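*Asks:* My structure is in coords-v2.txt, and what it holds is compact mmCIF, C-alpha atoms and all ligand atoms:
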# COMPACT_ATOMS: atom_id res chain seq x y z
CA MET A 1 13.08 -6.42 -27.25
CA VAL A 2 15.84 -3.98 -26.21
CA GLN A 3 17.87 -4.70 -23.09
CA GLU A 4 16.57 -2.00 -20.76
CA SER A 5 12.90 -2.48 -21.50
CA ALA A 6 13.22 -6.28 -21.09
CA ILE A 7 14.77 -5.85 -17.63
CA LEU A 8 12.31 -3.13 -16.61
CA ARG A 9 9.40 -5.25 -17.80
CA PHE A 10 10.70 -8.22 -15.81
CA HIS A 11 11.13 -5.97 -12.72
CA SER A 12 7.54 -4.92 -13.13
CA LEU A 13 6.37 -8.56 -13.38
CA LEU A 14 8.37 -9.34 -10.24
CA SER A 15 6.79 -6.39 -8.47
CA SER A 16 3.24 -7.60 -9.31
CA ALA A 17 4.08 -11.18 -8.33
CA PHE A 18 5.62 -10.31 -4.93
CA ILE A 19 3.38 -7.43 -3.88
CA GLU A 20 0.09 -8.86 -5.16
CA GLY A 21 1.01 -12.30 -3.81
CA THR A 22 0.67 -14.15 -7.14
CA LEU A 23 4.18 -15.63 -7.17
CA VAL A 24 4.18 -19.43 -7.42
CA LYS A 25 7.91 -19.96 -7.98
CA LEU A 26 10.99 -17.96 -9.03
CA THR A 27 14.33 -19.50 -9.93
CA PHE A 28 17.70 -17.93 -10.68
CA GLY A 29 20.43 -19.76 -12.63
CA LYS A 30 23.55 -19.26 -14.75
CA PRO A 31 25.85 -17.34 -12.36
CA THR A 32 27.44 -14.25 -13.93
CA PRO A 33 31.24 -14.19 -14.42
CA GLN A 34 31.40 -11.14 -12.09
CA SER A 35 29.37 -12.83 -9.28
CA GLN A 36 30.74 -12.05 -5.80
CA GLU A 37 29.90 -15.63 -4.76
CA PRO A 38 31.21 -17.93 -7.50
CA ASP A 39 30.06 -21.13 -5.70
CA LEU A 40 26.43 -19.92 -5.53
CA LYS A 41 24.77 -22.02 -8.27
CA ASN A 42 21.04 -21.20 -8.00
CA VAL A 43 18.45 -19.39 -5.89
CA TYR A 44 14.91 -20.77 -5.56
CA VAL A 45 12.07 -18.59 -4.24
CA ARG A 46 8.63 -19.70 -3.02
CA PRO A 47 5.84 -18.03 -1.00
CA VAL A 48 5.42 -19.12 2.62
CA ASN A 49 2.90 -18.12 5.30
CA LEU A 50 4.55 -17.34 8.62
CA LYS A 51 2.89 -16.28 11.88
CA SER A 52 3.93 -12.71 11.13
CA GLY A 53 2.20 -12.82 7.69
CA PRO A 54 3.05 -13.72 4.11
CA HIS A 55 6.79 -14.10 3.42
CA PHE A 56 9.02 -15.56 0.69
CA THR A 57 11.56 -18.31 1.25
CA PHE A 58 14.86 -17.92 -0.65
CA VAL A 59 16.93 -21.11 -0.89
CA TYR A 60 20.53 -20.22 -1.84
CA ARG A 61 22.07 -23.36 -3.39
CA TYR A 62 25.87 -23.39 -3.09
CA ALA A 63 28.15 -26.12 -4.46
CA THR A 64 28.16 -28.00 -1.13
CA ARG A 65 25.32 -26.58 1.01
CA ASP A 66 21.95 -24.77 1.00
CA VAL A 67 21.17 -21.58 2.92
CA THR A 68 17.50 -20.63 3.53
CA LYS A 69 16.27 -17.11 4.31
CA ASN A 70 12.71 -15.75 4.71
CA PHE A 71 11.82 -12.18 3.73
CA PRO A 72 8.60 -10.12 3.87
CA PRO A 73 7.24 -9.07 0.43
CA ALA A 74 8.91 -5.67 -0.05
CA ILE A 75 12.37 -6.92 1.03
CA ALA A 76 11.91 -10.13 -0.98
CA LEU A 77 11.20 -8.03 -4.07
CA GLU A 78 14.33 -5.90 -3.59
CA THR A 79 16.44 -9.02 -2.90
CA ALA A 80 15.18 -10.72 -6.07
CA ARG A 81 15.81 -7.60 -8.16
CA SER A 82 19.33 -7.26 -6.78
CA LEU A 83 20.27 -10.82 -7.88
CA LEU A 84 19.47 -10.10 -11.54
CA GLY A 85 22.46 -9.26 -13.69
CA THR A 86 24.87 -9.12 -10.71
CA ALA A 87 24.73 -12.74 -9.46
CA PHE A 88 22.68 -14.50 -12.18
CA CYS A 89 22.10 -14.20 -15.94
CA ASP A 90 18.88 -16.21 -15.97
CA ALA A 91 15.62 -15.83 -14.02
CA HIS A 92 12.39 -17.75 -14.46
CA LEU A 93 9.15 -16.51 -12.88
CA PHE A 94 5.94 -18.54 -12.53
CA THR A 95 2.52 -17.14 -11.55
CA PRO A 96 -0.87 -18.85 -11.93
CA LEU A 97 -1.43 -16.98 -15.19
CA GLN A 98 1.94 -16.93 -16.89
CA SER A 99 5.62 -17.79 -16.89
CA ALA A 100 8.35 -15.31 -17.84
CA GLN A 101 12.03 -15.96 -18.46
CA LEU A 102 14.71 -13.27 -18.55
CA GLU A 103 18.09 -14.16 -20.05
CA ILE A 104 21.09 -11.81 -20.10
CA ASP A 105 23.80 -12.82 -22.57
CA ALA A 106 27.59 -12.37 -22.36
CA GLU A 107 27.32 -8.89 -23.97
CA GLY A 108 24.76 -7.78 -21.40
CA LYS A 109 21.80 -7.97 -23.82
CA ALA A 110 18.58 -9.05 -22.12
CA ARG A 111 15.76 -11.05 -23.65
CA LEU A 112 12.34 -11.62 -22.08
CA ARG A 113 10.06 -14.51 -23.06
CA GLN A 114 6.53 -14.76 -21.67
CA LYS A 115 4.04 -17.63 -21.94
CA VAL A 116 0.47 -18.01 -20.75
CA ALA A 117 0.64 -20.69 -18.05
CA ALA A 118 -0.66 -24.10 -19.02
CA HIS A 119 -2.58 -24.09 -15.74
CA ALA A 120 -4.22 -20.65 -16.21
CA PRO A 121 -7.88 -21.07 -15.23
CA THR A 122 -9.87 -21.71 -18.38
CA SER A 123 -12.86 -23.80 -17.34
CA ARG A 124 -16.06 -22.32 -15.98
CA SER A 125 -15.57 -23.99 -12.57
CA GLU A 126 -11.94 -22.76 -12.28
CA ARG A 127 -13.08 -19.23 -13.14
CA HIS A 128 -15.91 -19.59 -10.60
CA ASP A 129 -13.42 -20.67 -7.88
CA ARG A 130 -11.16 -17.75 -8.67
CA GLU A 131 -14.10 -15.35 -8.59
CA LYS A 132 -15.12 -16.64 -5.14
CA ARG A 133 -11.61 -15.84 -3.81
CA ARG A 134 -11.72 -12.19 -4.94
CA PRO A 135 -12.16 -9.78 -2.01
CA VAL A 136 -14.72 -7.81 -4.06
CA PRO A 137 -16.59 -10.14 -6.47
CA LEU A 138 -16.80 -8.67 -9.97
CA THR A 139 -20.59 -8.95 -9.97
CA THR A 140 -20.87 -6.61 -6.93
CA GLY A 141 -23.59 -4.04 -7.72
CA TRP A 142 -21.70 -0.90 -6.67
CA LEU A 143 -18.75 -1.74 -8.96
CA HIS A 144 -21.22 -1.61 -11.86
CA ARG A 145 -23.08 1.48 -10.64
CA LEU A 146 -19.84 3.42 -10.13
CA GLY A 147 -18.76 2.54 -13.68
CA VAL A 148 -15.89 0.16 -12.81
CA THR A 149 -17.45 -2.97 -14.37
CA ASN A 150 -20.01 -3.52 -17.13
CA ALA A 151 -23.27 -5.45 -16.83
CA GLU A 152 -21.39 -8.77 -17.37
CA GLY A 153 -19.05 -8.01 -14.46
CA ARG A 154 -16.00 -7.26 -16.64
CA PRO A 155 -13.88 -4.15 -16.14
CA ARG A 156 -14.96 -1.26 -18.36
CA GLU A 157 -12.42 0.15 -20.75
CA GLY A 158 -9.73 2.04 -18.82
CA MET A 159 -10.91 0.68 -15.44
CA ALA A 160 -8.80 -2.51 -15.15
CA ALA A 161 -6.08 -0.78 -13.10
CA LYS A 162 -8.68 0.83 -10.80
CA LEU A 163 -10.30 -2.57 -10.30
CA ARG A 164 -6.93 -4.15 -9.36
CA GLN A 165 -6.35 -1.27 -6.95
CA ILE A 166 -9.76 -1.81 -5.31
CA GLN A 167 -9.15 -5.58 -4.94
CA LYS A 168 -5.66 -5.03 -3.55
CA PHE A 169 -6.88 -2.37 -1.11
CA ALA A 170 -9.62 -4.71 0.20
CA GLU A 171 -7.06 -7.49 0.69
CA ILE A 172 -4.65 -5.19 2.54
CA LEU A 173 -7.38 -3.65 4.69
CA ASP A 174 -8.57 -7.12 5.71
CA SER A 175 -5.05 -8.11 6.75
CA LEU A 176 -4.40 -4.81 8.61
CA LEU A 177 -7.73 -5.06 10.47
CA LYS A 178 -6.75 -8.56 11.61
CA ASP A 179 -3.27 -7.39 12.60
CA ALA A 180 -4.85 -4.57 14.63
CA GLY A 181 -7.20 -7.06 16.35
CA LEU A 182 -10.25 -5.28 14.90
CA LEU A 183 -11.66 -8.01 12.67
CA HIS A 184 -13.42 -10.88 14.36
CA ASP A 185 -15.64 -13.58 12.96
CA THR A 186 -18.36 -13.07 15.55
CA ARG A 187 -19.81 -9.86 16.87
CA SER A 188 -19.33 -10.85 20.51
CA GLU A 189 -16.27 -10.80 22.72
CA PRO A 190 -15.29 -14.35 23.64
CA GLY A 191 -17.22 -15.36 26.77
CA SER A 192 -19.43 -12.26 26.60
CA ARG A 193 -23.07 -11.91 25.54
CA THR A 194 -22.64 -8.25 24.66
CA PRO A 195 -22.34 -7.66 20.91
CA ARG A 196 -19.11 -5.92 19.97
CA LYS A 197 -19.74 -2.24 19.25
CA PRO A 198 -19.56 -1.61 15.49
CA LEU A 199 -16.35 0.07 14.39
CA THR A 200 -16.38 3.57 12.93
CA VAL A 201 -14.34 3.67 9.72
CA VAL A 202 -13.72 7.08 8.16
CA ASP A 203 -12.45 7.46 4.59
CA MET A 204 -11.09 10.99 4.17
CA GLY A 205 -11.16 12.45 0.65
CA SER A 206 -13.33 9.55 -0.48
CA GLY A 207 -13.74 10.83 -4.07
CA LYS A 208 -15.98 8.52 -6.07
CA GLY A 209 -16.09 6.17 -3.08
CA TYR A 210 -14.45 3.09 -4.61
CA LEU A 211 -12.46 2.26 -1.48
CA THR A 212 -15.19 3.39 0.90
CA PHE A 213 -17.63 0.98 -0.75
CA ALA A 214 -14.98 -1.77 -0.67
CA ALA A 215 -14.54 -1.25 3.11
CA ALA A 216 -18.31 -1.13 3.73
CA GLY A 217 -18.93 -4.21 1.57
CA MET A 218 -16.28 -6.14 3.48
CA LEU A 219 -17.34 -5.09 6.98
CA ARG A 220 -21.13 -4.99 6.51
CA ASP A 221 -22.84 -4.66 9.92
CA ARG A 222 -19.53 -4.77 11.81
CA ALA A 223 -18.85 -1.10 11.01
CA HIS A 224 -20.33 2.31 10.28
CA VAL A 225 -18.38 3.57 7.30
CA VAL A 226 -18.26 7.29 6.52
CA GLY A 227 -16.80 8.96 3.44
CA VAL A 228 -15.74 12.61 3.87
CA GLU A 229 -15.49 14.46 0.57
CA ASP A 230 -15.24 18.08 -0.46
CA ARG A 231 -17.15 17.73 -3.74
CA GLN A 232 -20.91 17.72 -3.18
CA GLU A 233 -21.71 16.03 -6.52
CA LEU A 234 -19.59 13.00 -5.54
CA VAL A 235 -21.21 12.87 -2.08
CA THR A 236 -24.69 12.88 -3.67
CA LEU A 237 -23.76 10.18 -6.19
CA CYS A 238 -22.17 7.93 -3.56
CA ASN A 239 -25.10 8.25 -1.15
CA GLU A 240 -27.52 7.34 -3.97
CA VAL A 241 -25.51 4.23 -4.86
CA ALA A 242 -25.18 3.23 -1.19
CA ARG A 243 -28.98 3.42 -0.74
CA GLU A 244 -29.64 1.51 -4.00
CA GLU A 245 -27.20 -1.18 -2.86
CA LYS A 246 -28.84 -1.33 0.59
CA LEU A 247 -25.54 -0.59 2.32
CA ASP A 248 -27.29 0.94 5.33
CA SER A 249 -24.17 1.42 7.43
CA LEU A 250 -22.42 3.47 4.73
CA ASN A 251 -22.86 7.19 4.21
CA PHE A 252 -21.00 10.11 2.72
CA ILE A 253 -20.82 13.67 4.00
CA GLN A 254 -19.67 16.86 2.34
CA GLY A 255 -16.91 18.54 4.29
CA ASN A 256 -13.27 19.37 4.68
CA ILE A 257 -10.93 16.72 6.07
CA ALA A 258 -9.55 19.16 8.63
CA THR A 259 -12.90 20.21 10.08
CA ALA A 260 -15.71 17.78 9.13
CA THR A 261 -17.81 16.17 11.87
CA TRP A 262 -19.49 12.76 11.66
CA ALA A 263 -21.11 10.12 13.88
CA GLU A 264 -21.23 10.69 17.64
CA ASP A 265 -18.28 12.88 18.67
CA SER A 266 -16.51 12.21 15.37
CA ARG A 267 -15.45 8.83 16.72
CA CYS A 268 -12.93 7.02 14.52
CA ASP A 269 -11.49 3.52 14.96
CA VAL A 270 -10.07 3.20 11.47
CA LEU A 271 -8.87 6.17 9.42
CA ILE A 272 -8.36 5.78 5.67
CA ALA A 273 -7.05 8.49 3.30
CA LEU A 274 -5.89 7.42 -0.13
CA HIS A 275 -4.44 10.01 -2.46
CA ALA A 276 -5.63 12.99 -0.42
CA CYS A 277 -3.39 15.63 -1.96
CA ASP A 278 -0.34 17.14 -0.28
CA THR A 279 -0.99 18.12 3.37
CA ALA A 280 -4.60 16.81 3.32
CA THR A 281 -2.94 13.47 4.19
CA ASP A 282 -1.45 15.11 7.32
CA ASP A 283 -4.83 16.64 8.24
CA ALA A 284 -6.39 13.17 7.94
CA LEU A 285 -3.67 11.47 10.01
CA ALA A 286 -4.00 14.14 12.69
CA ARG A 287 -7.79 13.62 12.89
CA GLY A 288 -7.27 9.87 13.27
CA ILE A 289 -4.62 10.28 15.97
CA ALA A 290 -6.72 12.84 17.86
CA ALA A 291 -9.69 10.44 17.80
CA GLY A 292 -7.48 7.60 19.12
CA ALA A 293 -7.96 5.49 15.96
CA LYS A 294 -6.51 2.01 16.32
CA LEU A 295 -5.63 1.78 12.62
CA LEU A 296 -4.46 4.45 10.16
CA VAL A 297 -4.11 3.68 6.44
CA VAL A 298 -2.92 6.39 4.04
CA SER A 299 -1.44 6.51 0.58
CA PRO A 300 0.06 9.99 0.15
CA CYS A 301 0.31 11.91 -3.09
CA CYS A 302 1.63 15.26 -4.40
CA GLN A 303 4.00 15.81 -1.45
CA LYS A 304 4.54 19.50 -2.29
CA GLU A 305 5.00 21.09 1.14
CA LEU A 306 8.65 20.30 1.85
CA ARG A 307 10.15 20.71 -1.60
CA PRO A 308 10.66 24.52 -1.34
CA LEU A 309 11.46 24.33 2.40
CA MET A 310 14.23 21.73 2.30
CA GLN A 311 17.80 22.93 2.74
CA PRO A 312 19.73 19.72 2.26
CA PRO A 313 23.36 19.45 3.36
CA ALA A 314 25.96 20.72 0.86
CA ILE A 315 27.08 17.21 -0.04
CA LEU A 316 23.68 16.58 -1.67
CA GLY A 317 23.75 19.94 -3.51
CA ASP A 318 24.97 18.78 -6.93
CA ALA A 319 22.74 15.70 -6.93
CA LEU A 320 19.64 17.71 -6.03
CA LEU A 321 20.21 20.23 -8.82
CA HIS A 322 18.26 17.69 -10.88
CA GLY A 323 14.57 18.41 -10.42
CA ILE A 324 13.48 14.77 -10.49
CA PHE A 325 15.91 13.85 -7.68
CA LEU A 326 14.81 16.84 -5.61
CA GLU A 327 11.17 15.85 -6.10
CA ARG A 328 11.80 12.22 -5.09
CA GLN A 329 13.91 13.32 -2.14
CA ALA A 330 11.11 15.66 -0.97
CA GLU A 331 8.62 12.78 -1.22
CA PHE A 332 10.95 10.53 0.75
CA VAL A 333 11.60 13.12 3.48
CA THR A 334 7.87 13.90 3.79
CA ASP A 335 6.73 10.27 4.02
CA ALA A 336 9.67 9.14 6.17
CA LEU A 337 8.92 11.99 8.58
CA ARG A 338 5.24 11.00 8.66
CA ALA A 339 6.19 7.39 9.44
CA GLN A 340 8.50 8.50 12.26
CA LEU A 341 5.89 10.88 13.69
CA LEU A 342 3.34 8.04 13.71
CA GLU A 343 5.80 5.82 15.61
CA TRP A 344 6.29 8.64 18.08
CA ALA A 345 2.50 8.97 18.46
CA GLY A 346 2.34 5.27 19.48
CA TYR A 347 1.66 3.58 16.13
CA ARG A 348 3.56 0.52 14.88
CA THR A 349 4.13 1.72 11.35
CA LYS A 350 4.57 -0.14 8.06
CA VAL A 351 5.49 1.45 4.72
CA PHE A 352 5.09 -0.59 1.54
CA GLU A 353 4.11 -0.50 -2.14
CA PHE A 354 0.46 -1.50 -2.27
CA VAL A 355 0.03 -2.01 -5.99
CA SER A 356 2.82 -2.45 -8.49
CA THR A 357 4.14 0.66 -10.25
CA GLU A 358 2.83 -0.99 -13.42
CA HIS A 359 -0.67 0.07 -12.28
CA THR A 360 -0.07 3.48 -10.69
CA ALA A 361 2.88 5.65 -9.72
CA ARG A 362 1.09 6.65 -6.48
CA ASN A 363 1.60 3.40 -4.71
CA VAL A 364 3.27 3.95 -1.33
CA MET A 365 1.08 3.04 1.59
CA ILE A 366 1.73 4.04 5.20
CA ALA A 367 -0.18 2.04 7.80
CA GLY A 368 -0.05 2.53 11.57
CA ILE A 369 -1.44 0.27 14.28
CA LYS A 370 -1.75 1.84 17.74
CA ASP A 371 -0.11 -0.62 20.08
CA ARG A 372 2.60 1.13 22.11
CA PRO A 373 3.08 3.99 24.53
CA PRO A 374 3.38 7.32 22.71
CA GLN A 375 5.92 10.11 23.01
CA GLN A 376 9.18 8.30 23.65
CA GLN A 377 11.86 10.96 23.96
CA GLY A 378 14.62 9.08 22.07
CA ARG A 379 12.33 8.69 19.06
CA LEU A 380 11.48 12.39 19.10
CA GLU A 381 15.17 13.33 19.15
CA ARG A 382 15.92 11.00 16.25
CA LEU A 383 13.08 12.25 14.07
CA CYS A 384 14.00 15.88 14.72
CA ALA A 385 17.65 15.11 13.86
CA PHE A 386 16.40 13.53 10.62
CA ALA A 387 14.36 16.66 9.75
CA GLN A 388 17.26 18.95 10.66
CA PHE A 389 19.63 16.96 8.41
CA TYR A 390 17.45 18.11 5.49
CA GLY A 391 17.08 21.62 6.92
CA VAL A 392 13.37 21.04 7.57
CA SER A 393 12.04 22.95 10.58
CA THR A 394 8.31 22.55 10.03
CA GLN A 395 5.93 19.99 8.48
CA ALA A 396 2.16 19.71 8.55
CA LEU A 397 1.79 16.54 10.65
CA ALA A 398 4.49 17.74 13.06
CA ARG A 399 2.55 21.02 13.50
CA HIS A 400 -0.69 19.10 14.14
CA LEU A 401 1.10 17.01 16.80
CA GLY A 402 2.73 20.06 18.40
CA VAL A 403 6.28 19.02 17.48
CA ASP A 404 8.80 21.79 16.75
CA LEU A 405 11.25 19.99 14.46
CA ALA A 406 13.89 22.71 14.81
CA SER A 407 14.16 22.57 18.62
CA GLY A 408 12.74 19.11 19.40
CA VAL A 409 10.32 20.79 21.84
CA THR A 410 6.66 19.69 21.99
CA THR A 411 3.69 21.79 22.97
C1 LIG B 501 -7.36 11.74 -5.88
S1 LIG B 501 -8.93 11.65 -5.17
C2 LIG B 501 -8.85 10.12 -4.34
C3 LIG B 501 -10.20 9.53 -4.05
C4 LIG B 501 -10.19 8.21 -3.27
N1 LIG B 501 -9.60 8.35 -1.95
C5 LIG B 501 -9.48 7.11 -4.06
O1 LIG B 501 -8.31 6.83 -3.75
O2 LIG B 501 -10.09 6.56 -4.98
C6 LIG B 501 -8.81 12.83 -3.85
C7 LIG B 501 -10.16 13.25 -3.35
O3 LIG B 501 -9.98 13.94 -2.12
C8 LIG B 501 -10.80 15.08 -2.09
N2 LIG B 501 -10.13 16.04 -1.19
C9 LIG B 501 -8.87 16.54 -1.31
N3 LIG B 501 -8.59 17.38 -0.27
C10 LIG B 501 -9.70 17.39 0.51
C11 LIG B 501 -10.01 18.04 1.74
N4 LIG B 501 -9.13 18.83 2.35
N5 LIG B 501 -11.24 17.83 2.28
C12 LIG B 501 -12.14 17.00 1.66
N6 LIG B 501 -11.88 16.35 0.51
C13 LIG B 501 -10.68 16.54 -0.06
C14 LIG B 501 -10.85 15.53 -3.54
O4 LIG B 501 -12.02 16.30 -3.80
C15 LIG B 501 -10.86 14.20 -4.28
O5 LIG B 501 -12.16 13.75 -4.53
Go ahead and render the structure in this file as structure tokens.
*Replies:*
Amino acid sequence: MVQESAILRFHSLLSSAFIEGTLVKLTFGKPTPQSQEPDLKNVYVRPVNLKSGPHFTFVYRYATRDVTKNFPPAIALETARSLLGTAFCDAHLFTPLQSAQLEIDAEGKARLRQKVAAHAPTSRSERHDREKRRPVPLTTGWLHRLGVTNAEGRPREGMAAKLRQIQKFAEILDSLLKDAGLLHDTRSEPGSRTPRKPLTVVDMGSGKGYLTFAAAGMLRDRAHVVGVEDRQELVTLCNEVAREEKLDSLNFIQGNIATATWAEDSRCDVLIALHACDTATDDALARGIAAGAKLLVVSPCCQKELRPLMQPPAILGDALLHGIFLERQAEFVTDALRAQLLEWAGYRTKVFEFVSTEHTARNVMIAGIKDRPPQQQGRLERLCAFAQFYGVSTQALARHLGVDLASGVTT
């Protein structure tokens, strides 16, 4: 295996293990001659559950002492990647299904060895236990009816990545709903006899409904789930499957994200929009904010709007002559601006990779939980300064929220 592809493949395994939470253990050894910390002998990494959510503990073993640090998944992943080749020549990764060892020799050549783990589940009861832990069991009817799995509950050809995305989305949604205080085990407020009012969850640009069904299946009678989709044939198909599967609190409507109406007064507690193209993501976020949604979950794609509008400072000129850098920079500016606008609108915002790039390139998720007073002036000034640095004076979500990025004035 050639050097670059071995390292890239190992990076990708690390990404799956950290982001999908399958890491059992990761060890680094054999310090490199160029290491900045020659007395750092090993680093050991393990998952740990903290009050603030899943983290990873890094134990840095020096010649005479140990230093322990905890990182959330995205930072843990970057930290682990940065140790490879710079501090250590050897890394060994263990997940429930496999082990992988990357070795970099004195000439910088990398070699990757992978083994199926001895403890990979092989017996019927182990497979049964694993199946019970999946957020969406593989035998779920709608997975079959929508063509994700076959009659035996195995992914159809070409659908394995989609299935992983659905499972991961369900896991993340569950954790975000809990973080937002929206998911409770009972339908009553503690000490109250009144049943909690079902949530309204709106999935904008629901497409074939994979994620809408996942949300409805998870929440059952705790939520009305609505899919809003432009294409009538997908709306018809999804409504048929929902009725066949007796998911009575799930329905799909044909309409445009910017203008559609649903439920009473287009109420929305949870707004979802995954891969709604370009500024459709901004239209969806704006609808959620206007409705006072407690939780917003989007995964943007095709961030086209700002690319022709950006006028980056001269120092970036030569770098951004390369189309791929300009495209990535435009994506970054668009999504970073969205995250800052959400903070300004009163949402505690998280940005993370939600499935590994091994499964899809469109993997950035932006999630906002409404838990703070909106419209803090300092934040507005900083986000406008950020936009102005890139010569950006207008952007779809900013327009929806009445923010003039050029002057910092709001209407
Ligand atoms: C790439 S698909 C994603 C589907 C789904 N959210 C998922 O992640 O599996 C985008 C969907 O959004 C729909 N869409 C895009 N812009 C829309 C708009 N402005 N109003 C309604 N639907 C829209 C498209 O028709 C398409 O079905």
*Asks:* Return as a PDB file with C-alpha atoms, in the frame of the given file the residues of protein, DNA or RNA that approach ligand LIG 501 (chain B) to within 7 Å, with all atoms listed in the file taken into account.
*Replies:*
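Dumped everything to out.pdb:
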ATOM      1  CA  MET A 204     -11.090  10.990   4.170  1.00  0.00           C
ATOM      2  CA  GLY A 205     -11.160  12.450   0.650  1.00  0.00           C
ATOM      3  CA  SER A 206     -13.330   9.550  -0.480  1.00  0.00           C
ATOM      4  CA  GLY A 207     -13.740  10.830  -4.070  1.00  0.00           C
ATOM      5  CA  LYS A 208     -15.980   8.520  -6.070  1.00  0.00           C
ATOM      6  CA  GLY A 209     -16.090   6.170  -3.080  1.00  0.00           C
ATOM      7  CA  TYR A 210     -14.450   3.090  -4.610  1.00  0.00           C
ATOM      8  CA  LEU A 211     -12.460   2.260  -1.480  1.00  0.00           C
ATOM      9  CA  VAL A 228     -15.740  12.610   3.870  1.00  0.00           C
ATOM     10  CA  GLU A 229     -15.490  14.460   0.570  1.00  0.00           C
ATOM     11  CA  ASP A 230     -15.240  18.080  -0.460  1.00  0.00           C
ATOM     12  CA  ARG A 231     -17.150  17.730  -3.740  1.00  0.00           C
ATOM     13  CA  GLY A 255     -16.910  18.540   4.290  1.00  0.00           C
ATOM     14  CA  ASN A 256     -13.270  19.370   4.680  1.00  0.00           C
ATOM     15  CA  ILE A 257     -10.930  16.720   6.070  1.00  0.00           C
ATOM     16  CA  ALA A 258      -9.550  19.160   8.630  1.00  0.00           C
ATOM     17  CA  ALA A 273      -7.050   8.490   3.300  1.00  0.00           C
ATOM     18  CA  LEU A 274      -5.890   7.420  -0.130  1.00  0.00           C
ATOM     19  CA  HIS A 275      -4.440  10.010  -2.460  1.00  0.00           C
ATOM     20  CA  ALA A 276      -5.630  12.990  -0.420  1.00  0.00           C
ATOM     21  CA  CYS A 277      -3.390  15.630  -1.960  1.00  0.00           C
ATOM     22  CA  ALA A 280      -4.600  16.810   3.320  1.00  0.00           C
TER      23      ALA A 280
END
*Asks:* Leaving out A:Glu78 and any residue of its chain fewer than 2 positions from it, which residues lie within 12 Å of it when counting all atoms listed in the file, given as an NGL selection string?
*Replies:* :A and (11-12 or 14-15 or 18-19 or 56 or 71-76 or 80-84 or 352-353)
*Asks:* In the coordinates of the file, take the point (20.8, -13.5, 6.7) and a cut-off of 12 Å; then, counting only C-alpha atoms, name each qualifying protein, DNA or RNA residue as a list in words.
*Replies:*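 Counting only C-alpha atoms, I find these residues within 12 Å of (20.8, -13.5, 6.7): Thr57, Phe58, Val59, Tyr60, Val67, Thr68, Lys69, Asn70, Phe71 and Thr79 of chain A.
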*Asks:* Do a neighbour search on A:Gly158 at 12 Å with only C-alpha atoms, toss out local chain neighbours closer than 4 positions, and write the hits as a list in words.
*Replies:*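 The neighbour list is Gly147, Val148, Thr149, Asn150, Arg154, Lys162, Leu163, Arg164 and His359 of chain A.
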*Asks:* Up to 12 Å from (22.7, -8.9, -20.9) in the file's coordinates: name the residues, counting all atoms listed in the file, as a tab-separated table (two decimals) with C-alpha atoms, keeping the file's coordinate frame.
*Replies:*
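Generated file (result_17.tsv):
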chain	number	residue	atom	x	y	z
A	1	MET	CA	13.08	-6.42	-27.25
A	2	VAL	CA	15.84	-3.98	-26.21
A	3	GLN	CA	17.87	-4.70	-23.09
A	4	GLU	CA	16.57	-2.00	-20.76
A	5	SER	CA	12.90	-2.48	-21.50
A	6	ALA	CA	13.22	-6.28	-21.09
A	7	ILE	CA	14.77	-5.85	-17.63
A	32	THR	CA	27.44	-14.25	-13.93
A	33	PRO	CA	31.24	-14.19	-14.42
A	84	LEU	CA	19.47	-10.10	-11.54
A	85	GLY	CA	22.46	-9.26	-13.69
A	86	THR	CA	24.87	-9.12	-10.71
A	88	PHE	CA	22.68	-14.50	-12.18
A	89	CYS	CA	22.10	-14.20	-15.94
A	90	ASP	CA	18.88	-16.21	-15.97
A	102	LEU	CA	14.71	-13.27	-18.55
A	103	GLU	CA	18.09	-14.16	-20.05
A	104	ILE	CA	21.09	-11.81	-20.10
A	105	ASP	CA	23.80	-12.82	-22.57
A	106	ALA	CA	27.59	-12.37	-22.36
A	107	GLU	CA	27.32	-8.89	-23.97
A	108	GLY	CA	24.76	-7.78	-21.40
A	109	LYS	CA	21.80	-7.97	-23.82
A	110	ALA	CA	18.58	-9.05	-22.12
A	111	ARG	CA	15.76	-11.05	-23.65
A	112	LEU	CA	12.34	-11.62	-22.08
*Asks:* Excluding A:Arg220 and its own-chain neighbours fewer than 6 positions away, which residues fall within 12 Å of it when counting only C-alpha atoms? Please give them as a JSON list (two decimals) with C-alpha atoms, keeping the file's coordinate frame.
*Replies:*
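Written file, part03.json:
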[["chain", "number", "residue", "atom", "x", "y", "z"],
["A", 183, "LEU", "CA", -11.66, -8.01, 12.67],
["A", 187, "ARG", "CA", -19.81, -9.86, 16.87],
["A", 198, "PRO", "CA", -19.56, -1.61, 15.49],
["A", 199, "LEU", "CA", -16.35, 0.07, 14.39],
["A", 200, "THR", "CA", -16.38, 3.57, 12.93],
["A", 201, "VAL", "CA", -14.34, 3.67, 9.72],
["A", 212, "THR", "CA", -15.19, 3.39, 0.90],
["A", 213, "PHE", "CA", -17.63, 0.98, -0.75],
["A", 214, "ALA", "CA", -14.98, -1.77, -0.67],
["A", 242, "ALA", "CA", -25.18, 3.23, -1.19],
["A", 245, "GLU", "CA", -27.20, -1.18, -2.86],
["A", 246, "LYS", "CA", -28.84, -1.33, 0.59],
["A", 247, "LEU", "CA", -25.54, -0.59, 2.32],
["A", 248, "ASP", "CA", -27.29, 0.94, 5.33],
["A", 249, "SER", "CA", -24.17, 1.42, 7.43],
["A", 250, "LEU", "CA", -22.42, 3.47, 4.73]]
*Asks:* Pick the closest to A:Val297 from A:Val403, A:Ile253, A:Leu341, A:Met365: which is it, counting only C-alpha atoms?
*Replies:*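 Counting only C-alpha atoms, the residue closest to A:Val297 is A:Met365.
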